[in-house]
Amino acid sequence: MRFEIIEGYPSESLVQQICSLSIPTYPSELFNNQLSQQKNILSCLAFDREELIAFKIGYQPRPKLFESFLGFVSPNYRRKGVGTHLIEIQHNWCSKNEYHYINTIVASENNAMLILNLKSGFNITGTFLDRGKNQKIILQKQLPSLGLGT
């Protein structure tokens, strides 16, 4: 298994792999609409040989804040530490790049992702109804300062 970091907007072929890996499949048009205008996009990727098996993608919506936007681990690779490792990679990159906070949103029925985020140091900061019907949980984590800048 190998892990990669890609800074900036991912290639079209990688976008297709990311969108088709998700269950349910994430529409590439929606992915492009969400990310095409964002700053400091970061893709943390896990591969088994050449096959994409997991990802964690985020961006900077405003200074010092990173939004962990989309993540997924292929079912055959769950409970093997892949998601935890991707979170660690993302959070280390954010700390080194002087972000103070990371936000993420989790569907209330996604217990595995909610537990993983809580174990990774996130705190629940709120909830909302997505499109008036799907309960979402907002989480935030304050990152440690590495003392690299102001």
# chains A, B, ... in the order shown; residues from 1 in each chain; ligands from 1
>>> residues_around(residues="Gly121 (chain A)", least_positions_apart="2", cutoff="12 Å", atoms="only C-alpha atoms", output="NGL selection string")
:A and (84 or 87-88 or 91 or 101-104 or 114-119 or 123-124 or 139-144)
>>> select_by_dssp(residues="region 10-116 of chain A", states="strand (DSSP E or B)", output="VMD selection string")
chain A and resid 39 to 48 51 to 62 65 to 73 101 to 107
>>> residues_around(residues="Asn76 (chain A)", least_positions_apart="3", cutoff="12 Å", atoms="only C-alpha atoms", output="ChimeraX atom specification")
/A:21,48,53-54,72-73,79-82
>>> write_last_selection(atoms="C-alpha atoms", output="compact mmCIF listing (two decimals), in the first residue's frame")
# COMPACT_ATOMS: atom_id res chain seq x y z
CA LEU A 21 -14.82 4.81 -5.95
CA ASP A 48 -2.98 -0.80 -3.45
CA ILE A 53 -8.55 2.41 -2.54
CA ALA A 54 -9.13 5.51 -0.38
CA PHE A 72 -13.87 7.43 1.41
CA VAL A 73 -12.24 4.07 2.09
CA ARG A 79 -10.82 -1.23 9.72
CA LYS A 80 -7.20 -1.52 8.61
CA GLY A 81 -6.05 1.98 9.60
CA VAL A 82 -6.21 3.46 6.09
>>> atom_distance(atom1="CA of Ala107 (chain A)", atom2="CA of Leu14 (chain A)")
24.4 Å
>>> closest_residue(among="A:Asn33, A:Gln38, A:Gln90, A:Thr25", to="Ile6 (chain A)", atoms="only C-alpha atoms")
A:Gln90
